[in-house]
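Participant: What follows is the file entry04.cif, containing mmCIF, C-alpha atoms and all ligand atoms:
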data_structure
loop_
_atom_site.group_PDB
_atom_site.id
_atom_site.type_symbol
_atom_site.label_atom_id
_atom_site.label_comp_id
_atom_site.auth_asym_id
_atom_site.auth_seq_id
_atom_site.Cartn_x
_atom_site.Cartn_y
_atom_site.Cartn_z
ATOM 1 C CA MET A 26 21.210 4.868 5.336
ATOM 2 C CA LYS A 27 18.828 2.000 6.060
ATOM 3 C CA VAL A 28 15.058 2.308 5.765
ATOM 4 C CA THR A 29 13.340 0.977 8.902
ATOM 5 C CA LYS A 30 10.113 3.007 9.067
ATOM 6 C CA ALA A 31 7.024 2.841 6.882
ATOM 7 C CA ILE A 32 3.989 5.112 6.776
ATOM 8 C CA PHE A 33 0.570 3.621 6.038
ATOM 9 C CA PRO A 34 -1.941 6.372 5.240
ATOM 10 C CA VAL A 35 -5.243 4.793 6.333
ATOM 11 C CA ALA A 36 -7.416 7.790 7.202
ATOM 12 C CA GLY A 37 -9.466 7.815 3.968
ATOM 13 C CA LEU A 38 -13.250 7.428 4.151
ATOM 14 C CA GLY A 39 -13.467 4.600 1.616
ATOM 15 C CA THR A 40 -16.564 6.075 0.003
ATOM 16 C CA ARG A 41 -16.178 3.892 -3.104
ATOM 17 C CA PHE A 42 -17.071 0.846 -1.003
ATOM 18 C CA LEU A 43 -20.096 2.207 0.871
ATOM 19 C CA PRO A 44 -22.087 0.816 2.585
ATOM 20 C CA ALA A 45 -19.400 -1.821 3.438
ATOM 21 C CA THR A 46 -17.123 0.928 4.746
ATOM 22 C CA LYS A 47 -19.714 2.823 6.796
ATOM 23 C CA ALA A 48 -18.561 1.280 10.087
ATOM 24 C CA ASN A 49 -15.512 -0.728 8.921
ATOM 25 C CA PRO A 50 -12.258 0.690 7.566
ATOM 26 C CA LYS A 51 -11.765 -0.113 3.869
ATOM 27 C CA GLU A 52 -8.244 -1.315 4.758
ATOM 28 C CA MET A 53 -9.856 -4.069 6.863
ATOM 29 C CA MET A 54 -11.771 -5.530 3.905
ATOM 30 C CA PRO A 55 -10.471 -9.060 3.383
ATOM 31 C CA ILE A 56 -8.939 -10.575 0.312
ATOM 32 C CA VAL A 57 -9.972 -14.175 1.047
ATOM 33 C CA ASP A 58 -9.023 -14.328 4.752
ATOM 34 C CA LYS A 59 -6.617 -11.478 5.360
ATOM 35 C CA PRO A 60 -7.378 -7.753 5.506
ATOM 36 C CA LEU A 61 -5.849 -5.529 2.831
ATOM 37 C CA ILE A 62 -3.743 -3.660 5.383
ATOM 38 C CA GLN A 63 -2.081 -6.889 6.501
ATOM 39 C CA TYR A 64 -0.876 -7.603 2.968
ATOM 40 C CA ALA A 65 0.711 -4.122 2.846
ATOM 41 C CA VAL A 66 2.287 -4.629 6.282
ATOM 42 C CA GLU A 67 3.693 -8.012 5.183
ATOM 43 C CA ASP A 68 5.199 -6.342 2.093
ATOM 44 C CA ALA A 69 6.921 -3.792 4.371
ATOM 45 C CA ILE A 70 8.163 -6.347 6.903
ATOM 46 C CA ALA A 71 9.617 -8.546 4.144
ATOM 47 C CA ALA A 72 11.570 -5.448 3.054
ATOM 48 C CA GLY A 73 13.106 -5.031 6.525
ATOM 49 C CA ILE A 74 10.745 -2.411 7.969
ATOM 50 C CA THR A 75 10.506 -2.619 11.766
ATOM 51 C CA GLU A 76 8.479 0.495 12.651
ATOM 52 C CA LEU A 77 4.975 0.770 11.234
ATOM 53 C CA ILE A 78 3.373 4.222 11.371
ATOM 54 C CA PHE A 79 -0.347 4.315 10.656
ATOM 55 C CA VAL A 80 -1.924 7.667 9.823
ATOM 56 C CA THR A 81 -5.474 7.060 10.975
ATOM 57 C CA SER A 82 -8.761 8.785 11.657
ATOM 58 C CA SER A 83 -11.507 8.321 14.237
ATOM 59 C CA SER A 84 -13.284 5.481 12.409
ATOM 60 C CA LYS A 85 -10.192 3.286 12.055
ATOM 61 C CA ARG A 86 -9.825 1.700 15.500
ATOM 62 C CA ALA A 87 -10.248 -1.786 14.016
ATOM 63 C CA ILE A 88 -6.797 -1.387 12.426
ATOM 64 C CA GLU A 89 -5.176 -0.779 15.830
ATOM 65 C CA ASP A 90 -7.010 -3.782 17.257
ATOM 66 C CA HIS A 91 -5.914 -5.983 14.366
ATOM 67 C CA PHE A 92 -2.233 -5.373 15.082
ATOM 68 C CA ASP A 93 -2.632 -5.631 18.876
ATOM 69 C CA SER A 94 -2.998 -8.823 20.907
ATOM 70 C CA ASN A 95 -6.539 -9.980 21.735
ATOM 71 C CA PHE A 96 -6.356 -11.648 25.129
ATOM 72 C CA GLU A 97 -9.923 -13.007 25.155
ATOM 73 C CA LEU A 98 -9.638 -14.560 21.697
ATOM 74 C CA GLU A 99 -6.181 -15.994 22.359
ATOM 75 C CA LEU A 100 -7.256 -17.543 25.675
ATOM 76 C CA ASN A 101 -10.322 -19.035 24.009
ATOM 77 C CA LEU A 102 -8.244 -20.584 21.198
ATOM 78 C CA LEU A 103 -5.725 -21.898 23.738
ATOM 79 C CA GLU A 104 -8.413 -23.507 25.891
ATOM 80 C CA ARG A 105 -9.998 -25.161 22.860
ATOM 81 C CA GLY A 106 -6.625 -26.493 21.682
ATOM 82 C CA LYS A 107 -6.737 -24.514 18.428
ATOM 83 C CA GLN A 108 -2.975 -24.070 18.332
ATOM 84 C CA ASP A 109 -2.768 -23.391 14.582
ATOM 85 C CA LEU A 110 -5.305 -20.542 14.799
ATOM 86 C CA LEU A 111 -3.596 -19.190 17.912
ATOM 87 C CA THR A 112 -0.265 -19.080 16.075
ATOM 88 C CA LEU A 113 -2.000 -17.428 13.112
ATOM 89 C CA VAL A 114 -3.301 -14.517 15.214
ATOM 90 C CA GLN A 115 -0.181 -14.230 17.366
ATOM 91 C CA ASP A 116 2.120 -14.119 14.340
ATOM 92 C CA ILE A 117 0.396 -11.222 12.561
ATOM 93 C CA LEU A 118 3.350 -9.088 13.625
ATOM 94 C CA PRO A 119 6.744 -10.734 14.162
ATOM 95 C CA GLU A 120 8.916 -10.001 17.213
ATOM 96 C CA GLY A 121 10.769 -6.712 16.950
ATOM 97 C CA VAL A 122 8.147 -4.925 14.820
ATOM 98 C CA SER A 123 6.343 -2.034 16.504
ATOM 99 C CA CYS A 124 3.334 0.109 15.602
ATOM 100 C CA ALA A 125 2.664 3.805 16.097
ATOM 101 C CA TYR A 126 -0.549 5.646 15.333
ATOM 102 C CA VAL A 127 -0.991 9.286 14.464
ATOM 103 C CA ARG A 128 -4.288 10.974 13.623
ATOM 104 C CA GLN A 129 -5.024 12.899 10.451
ATOM 105 C CA LYS A 130 -7.774 15.172 11.730
ATOM 106 C CA SER A 131 -9.299 16.032 8.350
ATOM 107 C CA PRO A 132 -9.063 14.349 4.931
ATOM 108 C CA ARG A 133 -6.664 16.775 3.258
ATOM 109 C CA GLY A 134 -4.910 14.367 0.903
ATOM 110 C CA LEU A 135 -2.043 11.881 0.703
ATOM 111 C CA GLY A 136 0.658 14.554 1.017
ATOM 112 C CA HIS A 137 -0.956 15.882 4.181
ATOM 113 C CA ALA A 138 -1.260 12.329 5.594
ATOM 114 C CA VAL A 139 2.483 11.733 5.085
ATOM 115 C CA LEU A 140 3.244 15.106 6.698
ATOM 116 C CA CYS A 141 1.197 14.068 9.759
ATOM 117 C CA ALA A 142 3.822 11.343 10.416
ATOM 118 C CA LYS A 143 6.786 13.753 10.251
ATOM 119 C CA GLN A 144 7.165 13.891 14.047
ATOM 120 C CA LEU A 145 7.778 10.113 14.101
ATOM 121 C CA ILE A 146 10.478 10.192 11.413
ATOM 122 C CA SER A 147 13.919 11.606 12.181
ATOM 123 C CA ASN A 148 16.215 12.778 9.438
ATOM 124 C CA GLU A 149 16.022 9.403 7.691
ATOM 125 C CA PRO A 150 14.557 7.839 4.554
ATOM 126 C CA PHE A 151 11.209 6.064 4.923
ATOM 127 C CA ALA A 152 8.666 4.066 2.940
ATOM 128 C CA VAL A 153 5.026 4.847 2.169
ATOM 129 C CA LEU A 154 2.607 2.026 1.347
ATOM 130 C CA LEU A 155 -0.991 2.399 0.194
ATOM 131 C CA ALA A 156 -3.032 -0.646 1.172
ATOM 132 C CA ASP A 157 -5.418 -0.130 -1.788
ATOM 133 C CA ASP A 158 -2.638 -1.287 -4.060
ATOM 134 C CA LEU A 159 -2.271 -4.993 -3.408
ATOM 135 C CA ILE A 160 0.879 -6.268 -5.101
ATOM 136 C CA ASP A 161 1.785 -9.902 -5.579
ATOM 137 C CA GLY A 162 5.484 -9.539 -6.242
ATOM 138 C CA GLY A 163 6.224 -13.253 -6.523
ATOM 139 C CA GLU A 164 9.550 -14.251 -4.980
ATOM 140 C CA LYS A 165 10.270 -10.752 -3.646
ATOM 141 C CA THR A 166 7.645 -8.275 -2.504
ATOM 142 C CA CYS A 167 7.408 -4.933 -4.289
ATOM 143 C CA LEU A 168 8.983 -2.957 -1.424
ATOM 144 C CA GLN A 169 11.716 -5.572 -1.089
ATOM 145 C CA GLN A 170 12.602 -5.043 -4.769
ATOM 146 C CA MET A 171 12.532 -1.257 -4.264
ATOM 147 C CA MET A 172 14.759 -1.538 -1.207
ATOM 148 C CA THR A 173 17.472 -3.177 -3.332
ATOM 149 C CA VAL A 174 17.374 -0.141 -5.643
ATOM 150 C CA PHE A 175 17.439 2.274 -2.687
ATOM 151 C CA ASN A 176 20.334 0.507 -0.997
ATOM 152 C CA GLN A 177 22.373 0.799 -4.195
ATOM 153 C CA THR A 178 21.516 4.447 -4.925
ATOM 154 C CA GLN A 179 20.293 6.118 -1.673
ATOM 155 C CA ALA A 180 17.817 7.972 -3.918
ATOM 156 C CA SER A 181 14.035 8.177 -3.571
ATOM 157 C CA VAL A 182 12.311 5.344 -5.440
ATOM 158 C CA ILE A 183 8.715 5.354 -6.714
ATOM 159 C CA ALA A 184 6.974 2.206 -7.963
ATOM 160 C CA VAL A 185 5.398 2.652 -11.405
ATOM 161 C CA GLU A 186 3.661 0.490 -13.960
ATOM 162 C CA SER A 187 2.303 0.870 -17.429
ATOM 163 C CA ILE A 188 -1.306 2.094 -17.395
ATOM 164 C CA ALA A 189 -3.981 2.379 -20.095
ATOM 165 C CA PRO A 190 -4.094 5.865 -21.690
ATOM 166 C CA HIS A 191 -7.712 6.451 -20.590
ATOM 167 C CA GLU A 192 -6.747 5.786 -16.947
ATOM 168 C CA THR A 193 -4.245 8.613 -16.433
ATOM 169 C CA LYS A 194 -6.827 10.581 -14.404
ATOM 170 C CA LYS A 195 -6.567 7.966 -11.647
ATOM 171 C CA TYR A 196 -2.789 8.169 -11.113
ATOM 172 C CA GLY A 197 0.285 10.245 -10.617
ATOM 173 C CA VAL A 198 2.080 9.965 -13.969
ATOM 174 C CA VAL A 199 5.854 10.290 -14.399
ATOM 175 C CA ASP A 200 8.046 11.762 -17.118
ATOM 176 C CA VAL A 201 11.216 9.637 -17.332
ATOM 177 C CA ASN A 202 14.566 9.839 -19.103
ATOM 178 C CA THR A 203 14.173 6.380 -20.676
ATOM 179 C CA LYS A 204 11.696 3.535 -20.562
ATOM 180 C CA ASN A 205 14.143 0.856 -21.600
ATOM 181 C CA THR A 206 15.246 -0.140 -18.109
ATOM 182 C CA ASN A 207 13.232 -1.038 -15.023
ATOM 183 C CA VAL A 208 14.966 1.751 -13.066
ATOM 184 C CA CYS A 209 14.956 5.201 -14.616
ATOM 185 C CA THR A 210 15.269 8.835 -13.559
ATOM 186 C CA VAL A 211 12.096 10.850 -13.025
ATOM 187 C CA ARG A 212 12.185 14.213 -14.862
ATOM 188 C CA GLY A 213 8.678 15.289 -13.934
ATOM 189 C CA ILE A 214 5.534 13.993 -12.234
ATOM 190 C CA VAL A 215 1.904 15.124 -12.507
ATOM 191 C CA GLU A 216 -1.081 14.137 -10.365
ATOM 192 C CA LYS A 217 -4.065 12.768 -12.282
ATOM 193 C CA PRO A 218 -3.420 14.395 -15.690
ATOM 194 C CA SER A 219 -5.824 14.063 -18.603
ATOM 195 C CA PRO A 220 -4.635 11.579 -21.270
ATOM 196 C CA LEU A 221 -3.502 14.518 -23.413
ATOM 197 C CA GLU A 222 -1.451 16.077 -20.620
ATOM 198 C CA ALA A 223 0.093 12.799 -19.368
ATOM 199 C CA PRO A 224 3.880 12.808 -19.890
ATOM 200 C CA SER A 225 4.033 8.989 -20.333
ATOM 201 C CA ASP A 226 2.022 5.824 -19.722
ATOM 202 C CA LEU A 227 3.826 5.112 -16.434
ATOM 203 C CA GLY A 228 1.467 5.495 -13.489
ATOM 204 C CA VAL A 229 2.579 5.668 -9.862
ATOM 205 C CA VAL A 230 1.371 2.796 -7.692
ATOM 206 C CA GLY A 231 1.193 2.939 -3.916
ATOM 207 C CA ARG A 232 4.779 2.154 -2.902
ATOM 208 C CA TYR A 233 7.355 4.884 -2.295
ATOM 209 C CA ILE A 234 10.758 5.162 -0.616
ATOM 210 C CA LEU A 235 11.434 8.833 0.083
ATOM 211 C CA THR A 236 14.301 10.817 1.500
ATOM 212 C CA PRO A 237 13.412 13.152 4.430
ATOM 213 C CA SER A 238 13.864 16.254 2.209
ATOM 214 C CA ILE A 239 10.288 15.569 1.064
ATOM 215 C CA PHE A 240 8.954 17.011 4.335
ATOM 216 C CA THR A 241 10.230 20.512 3.565
ATOM 217 C CA PHE A 242 8.344 20.435 0.291
ATOM 218 C CA LEU A 243 5.214 18.925 1.818
ATOM 219 C CA GLU A 244 5.141 21.756 4.359
ATOM 220 C CA ASN A 245 5.088 24.239 1.495
ATOM 221 C CA THR A 246 2.751 22.402 -0.877
ATOM 222 C CA ALA A 247 -0.586 24.111 -1.547
ATOM 223 C CA ALA A 248 -3.747 22.124 -2.304
ATOM 224 C CA GLY A 249 -3.559 20.659 -5.799
ATOM 225 C CA SER A 250 -5.595 18.064 -7.699
ATOM 226 C CA GLY A 251 -8.979 17.483 -6.035
ATOM 227 C CA GLY A 252 -8.321 20.364 -3.591
ATOM 228 C CA GLU A 253 -5.951 18.091 -1.628
ATOM 229 C CA ILE A 254 -2.284 18.344 -0.624
ATOM 230 C CA GLN A 255 -0.706 15.907 -3.040
ATOM 231 C CA LEU A 256 2.424 13.829 -2.368
ATOM 232 C CA THR A 257 2.993 13.971 -6.136
ATOM 233 C CA ASP A 258 3.357 17.787 -6.056
ATOM 234 C CA ALA A 259 5.992 17.580 -3.294
ATOM 235 C CA ILE A 260 7.866 14.880 -5.282
ATOM 236 C CA ALA A 261 7.817 17.230 -8.305
ATOM 237 C CA LYS A 262 9.754 19.733 -6.160
ATOM 238 C CA LEU A 263 12.037 17.075 -4.628
ATOM 239 C CA LEU A 264 13.281 15.957 -8.023
ATOM 240 C CA GLU A 265 14.546 19.491 -8.723
ATOM 241 C CA ILE A 266 17.172 19.043 -5.987
ATOM 242 C CA GLU A 267 17.647 15.254 -5.689
ATOM 243 C CA THR A 268 17.544 12.212 -7.923
ATOM 244 C CA VAL A 269 14.162 10.459 -7.858
ATOM 245 C CA LEU A 270 13.958 7.056 -9.513
ATOM 246 C CA ALA A 271 10.947 5.337 -11.084
ATOM 247 C CA PHE A 272 10.986 1.578 -10.656
ATOM 248 C CA GLN A 273 8.993 -0.886 -12.743
ATOM 249 C CA PHE A 274 8.587 -3.777 -10.312
ATOM 250 C CA GLN A 275 8.124 -7.476 -10.999
ATOM 251 C CA GLY A 276 4.678 -8.798 -10.127
ATOM 252 C CA LYS A 277 0.993 -8.144 -10.459
ATOM 253 C CA ARG A 278 -0.821 -5.178 -8.908
ATOM 254 C CA PHE A 279 -4.506 -5.193 -8.037
ATOM 255 C CA ASP A 280 -6.285 -1.872 -7.650
ATOM 256 C CA CYS A 281 -8.337 -2.741 -4.580
ATOM 257 C CA GLY A 282 -9.574 0.846 -4.377
ATOM 258 C CA SER A 283 -12.006 -0.139 -7.153
ATOM 259 C CA LYS A 284 -14.680 -2.824 -6.919
ATOM 260 C CA LEU A 285 -13.516 -4.618 -10.049
ATOM 261 C CA GLY A 286 -9.901 -4.644 -8.916
ATOM 262 C CA TYR A 287 -11.014 -5.936 -5.541
ATOM 263 C CA LEU A 288 -12.971 -8.781 -7.127
ATOM 264 C CA GLN A 289 -10.046 -9.599 -9.417
ATOM 265 C CA ALA A 290 -7.697 -9.783 -6.405
ATOM 266 C CA THR A 291 -10.145 -11.996 -4.515
ATOM 267 C CA ILE A 292 -10.243 -14.472 -7.406
ATOM 268 C CA ALA A 293 -6.458 -14.417 -7.918
ATOM 269 C CA TYR A 294 -5.707 -14.965 -4.222
ATOM 270 C CA ALA A 295 -8.390 -17.660 -3.813
ATOM 271 C CA LEU A 296 -6.874 -19.496 -6.789
ATOM 272 C CA LYS A 297 -3.528 -19.682 -4.998
ATOM 273 C CA HIS A 298 -4.806 -20.252 -1.465
ATOM 274 C CA PRO A 299 -3.436 -23.618 -0.219
ATOM 275 C CA GLU A 300 -6.760 -24.742 1.337
ATOM 276 C CA LEU A 301 -9.115 -23.337 -1.285
ATOM 277 C CA ALA A 302 -7.378 -23.364 -4.663
ATOM 278 C CA ASP A 303 -8.541 -26.767 -5.940
ATOM 279 C CA ASP A 304 -12.189 -26.497 -4.868
ATOM 280 C CA PHE A 305 -12.421 -22.864 -5.892
ATOM 281 C CA GLN A 306 -11.118 -23.682 -9.365
ATOM 282 C CA VAL A 307 -13.924 -26.238 -9.784
ATOM 283 C CA ILE A 308 -16.544 -23.753 -8.546
ATOM 284 C CA LEU A 309 -15.230 -21.045 -10.844
ATOM 285 C CA ARG A 310 -15.227 -23.384 -13.841
ATOM 286 C CA GLU A 311 -18.816 -24.501 -13.147
ATOM 287 C CA PHE A 312 -19.849 -20.899 -12.735
ATOM 288 C CA ILE A 313 -18.302 -19.869 -16.038
ATOM 289 C CA GLU A 314 -19.872 -22.840 -17.849
ATOM 290 C CA CYS A 315 -23.304 -21.960 -16.394
ATOM 291 C CA THR A 316 -23.098 -18.323 -17.420
ATOM 292 C CA ALA A 317 -21.436 -18.888 -20.838
HETATM 293 C C1 LIG A 401 -2.770 8.090 -4.929
HETATM 294 C C2 LIG A 401 -1.690 9.034 -5.444
HETATM 295 C C3 LIG A 401 -1.450 8.782 -6.933
HETATM 296 C C4 LIG A 401 -1.094 7.326 -7.158
HETATM 297 C C5 LIG A 401 -2.189 6.401 -6.562
HETATM 298 C C6 LIG A 401 -1.758 4.956 -6.618
HETATM 299 O O1 LIG A 401 -3.998 8.426 -5.534
HETATM 300 O O2 LIG A 401 -2.112 10.375 -5.220
HETATM 301 O O3 LIG A 401 -0.407 9.611 -7.399
HETATM 302 O O4 LIG A 401 -0.947 7.071 -8.531
HETATM 303 O O5 LIG A 401 -2.438 6.735 -5.194
HETATM 304 O O6 LIG A 401 -2.766 4.116 -6.157
HETATM 305 P P1 LIG A 401 -5.425 7.900 -4.977
HETATM 306 O O7 LIG A 401 -5.584 6.508 -5.488
HETATM 307 O O8 LIG A 401 -5.354 7.981 -3.498
HETATM 308 O O9 LIG A 401 -6.432 8.841 -5.562
#
As structure tokens, what does this structure read like?

Facilitator:
Amino acid sequence: MKVTKAIFPVAGLGTRFLPATKANPKEMMPIVDKPLIQYAVEDAIAAGITELIFVTSSSKRAIEDHFDSNFELELNLLERGKQDLLTLVQDILPEGVSCAYVRQKSPRGLGHAVLCAKQLISNEPFAVLLADDLIDGGEKTCLQQMMTVFNQTQASVIAVESIAPHETKKYGVVDVNTKNTNVCTVRGIVEKPSPLEAPSDLGVVGRYILTPSIFTFLENTAAGSGGEIQLTDAIAKLLEIETVLAFQFQGKRFDCGSKLGYLQATIAYALKHPELADDFQVILREFIECTA
């Protein structure tokens, strides 16, 4: 089966970035000139996704507006002959890609957010992308790479990467049959274990392709780590009946859910921005020399 739908859980309060996120969704924070959510959407579209499902909450209207047309702005740009900017805003979503929005009424966790989108997914595999995890995959985006694995195996695929031992409490951590290949079978998965309890150093990052069987488990998953319904706990059940693969992708991930990761991503993306790279490099060098 082909994967054409992706879920973007965007209902979180973004408390780690207050006060910036008091009135603005954290997913709308820009890395240079593009909001985080747009990078995640571009990853999905590159992988062949045509239906974007956003699981939102009341304070996230800006996300809907971002992916809608803005008549006033477009007319203004047209009248002022700013064709390049007009194309930029009109091309945020290519032809043939549609958006749907479903509300998560209370913040009950990632598993609950995915379950909220069940009504929009038929009996078909789907992707889940967390905008906090910004991934520069290089030639192929992370989800594109995962899609190749899915198309060959038709099994659920979870993106993982090596994490520092003291960071296990921030991630879902997988137990795998081997670490010698970039695709391996998941034998177990635990949400935010202590370093001593962690089954490996492979942490889950925010890209998943899941078979629809996950919904049955999500419906029966009790609150877990942090008192929330965890996607990880439902995946732990899924792998008892189906193959679940862990995939070590090519590329660099930035944890934009943390301030340091966000700053790191801003620097990395500014250094490769076609209009800014050269000048920014000079500024950065001067800055480092001044503070050294
Ligand atoms: C979520 C998942 C976790 C995963 C992480 C990746 O946690 O629950 O398993 O490792 O995303 O970013 P969160 O960062 O929402 O606490």

Participant: Assuming the chain letters and numbering stay as they are in my file, what does the PyMOL selection byres (((chain A and resi 59) around 12) and not hetatm) actually select? List them as a PyMOL selection string.

Facilitator: chain A and resi 52-58+60-67+91+113-114+117+159+290-291+294-295+298

Participant: Leaving out Ser84 in chain A and any residue of its chain fewer than 5 positions from it, which residues lie within 10 Å of it when counting only C-alpha atoms, given as a list in words?

Facilitator: Ala36, Gly37, Leu38, Thr46, Lys47, Ala48, Asn49 and Pro50 of chain A

Participant: Would you translate the PyMOL selection byres (((not hetatm)) within 6 of (chain A and resi 401)) into the concrete set of residues it matches in this file, as a PDB file with C-alpha atoms, in the coordinates of the input?

Facilitator:
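What landed in selection_24.pdb:
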ATOM      1  CA  ASP A 158      -2.638  -1.287  -4.060  1.00  0.00           C
ATOM      2  CA  TYR A 196      -2.789   8.169 -11.113  1.00  0.00           C
ATOM      3  CA  GLY A 197       0.285  10.245 -10.617  1.00  0.00           C
ATOM      4  CA  GLU A 216      -1.081  14.137 -10.365  1.00  0.00           C
ATOM      5  CA  GLY A 228       1.467   5.495 -13.489  1.00  0.00           C
ATOM      6  CA  VAL A 229       2.579   5.668  -9.862  1.00  0.00           C
ATOM      7  CA  VAL A 230       1.371   2.796  -7.692  1.00  0.00           C
ATOM      8  CA  GLY A 231       1.193   2.939  -3.916  1.00  0.00           C
ATOM      9  CA  THR A 257       2.993  13.971  -6.136  1.00  0.00           C
TER      10      THR A 257
END

Participant: Between A:Pro34, A:Gly136, A:Gly39, A:Pro119, single out the one closest to Ala248 in chain A, counting only C-alpha atoms.

Facilitator: A:Gly136

Participant: For range 48-52 of chain A, what centre and edge lengths in Å (one decimal) does the axis-aligned box get once 8 Å is added on each side of all its listed atoms, as AutoDock Vina command-line options?

Facilitator:
--center_x -13.4 --center_y 0.0 --center_z 7.0 --size_x 26.3 --size_y 18.6 --size_z 22.2

Participant: So which residues get picked by the PyMOL selection byres (((chain A and resi 210) around 6) and not hetatm) here, written as JSON, numbers by chain?

Facilitator: {"A": [201, 202, 209, 211, 270]}

Participant: Residues of the last selection are to be written out with C-alpha atoms, as a PDB file, keeping the file's coordinate frame.

Facilitator:
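Heads up, here's the output in selection13.pdb:
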ATOM      1  CA  VAL A 201      11.216   9.637 -17.332  1.00  0.00           C
ATOM      2  CA  ASN A 202      14.566   9.839 -19.103  1.00  0.00           C
ATOM      3  CA  CYS A 209      14.956   5.201 -14.616  1.00  0.00           C
ATOM      4  CA  VAL A 211      12.096  10.850 -13.025  1.00  0.00           C
ATOM      5  CA  LEU A 270      13.958   7.056  -9.513  1.00  0.00           C
TER       6      LEU A 270
END

Participant: Residues around (13.4, 7.6, 3.7), cut-off 7 Å, counting only C-alpha atoms - what are they as a ChimeraX atom specification?

Facilitator: /A:28,149-152,234-237

Participant: Mind checking which residues fall within 12 Å of Lys284 in chain A, counting all atoms listed in the file, ignoring those fewer than 3 positions away in the same chain, and posting them as a PyMOL selection string?

Facilitator: chain A and resi 39-43+45+51+54+157+279-281+287-291

Participant: Would you pick out the contacts of Ser238 in chain A at 9 Å or less, using all atoms listed in the file, so that residues sharing its chain but fewer than 4 positions from it are not included, and give the list as a PDB file with C-alpha atoms, in the frame of the given file?

Facilitator:
ATOM      1  CA  ASN A 148      16.215  12.778   9.438  1.00  0.00           C
ATOM      2  CA  PRO A 150      14.557   7.839   4.554  1.00  0.00           C
ATOM      3  CA  PHE A 242       8.344  20.435   0.291  1.00  0.00           C
ATOM      4  CA  LEU A 263      12.037  17.075  -4.628  1.00  0.00           C
ATOM      5  CA  GLU A 267      17.647  15.254  -5.689  1.00  0.00           C
TER       6      GLU A 267
END

Participant: Only C-alpha atoms needed: put range 193-215 of chain A from the block into a file as an mmCIF file, in the first residue's frame.

Facilitator:
data_model
loop_
_atom_site.group_PDB
_atom_site.id
_atom_site.type_symbol
_atom_site.label_atom_id
_atom_site.label_comp_id
_atom_site.auth_asym_id
_atom_site.auth_seq_id
_atom_site.Cartn_x
_atom_site.Cartn_y
_atom_site.Cartn_z
ATOM 1 C CA THR A 193 17.543 8.909 27.363
ATOM 2 C CA LYS A 194 14.914 10.641 29.543
ATOM 3 C CA LYS A 195 14.027 12.878 26.589
ATOM 4 C CA TYR A 196 13.261 10.108 24.070
ATOM 5 C CA GLY A 197 11.542 6.887 23.252
ATOM 6 C CA VAL A 198 14.396 4.360 23.203
ATOM 7 C CA VAL A 199 14.370 1.154 21.140
ATOM 8 C CA ASP A 200 15.715 -2.338 21.739
ATOM 9 C CA VAL A 201 16.881 -3.727 18.375
ATOM 10 C CA ASN A 202 18.066 -7.069 17.024
ATOM 11 C CA THR A 203 21.292 -5.588 15.616
ATOM 12 C CA LYS A 204 22.889 -2.183 15.307
ATOM 13 C CA ASN A 205 25.087 -3.056 12.366
ATOM 14 C CA THR A 206 22.654 -2.015 9.646
ATOM 15 C CA ASN A 207 20.678 1.187 9.167
ATOM 16 C CA VAL A 208 17.423 -0.816 9.118
ATOM 17 C CA CYS A 209 16.831 -3.206 11.990
ATOM 18 C CA THR A 210 13.944 -4.919 13.764
ATOM 19 C CA VAL A 211 12.571 -3.345 16.934
ATOM 20 C CA ARG A 212 12.261 -5.877 19.796
ATOM 21 C CA GLY A 213 11.092 -3.408 22.414
ATOM 22 C CA ILE A 214 10.553 0.319 22.940
ATOM 23 C CA VAL A 215 10.363 2.384 26.138
#
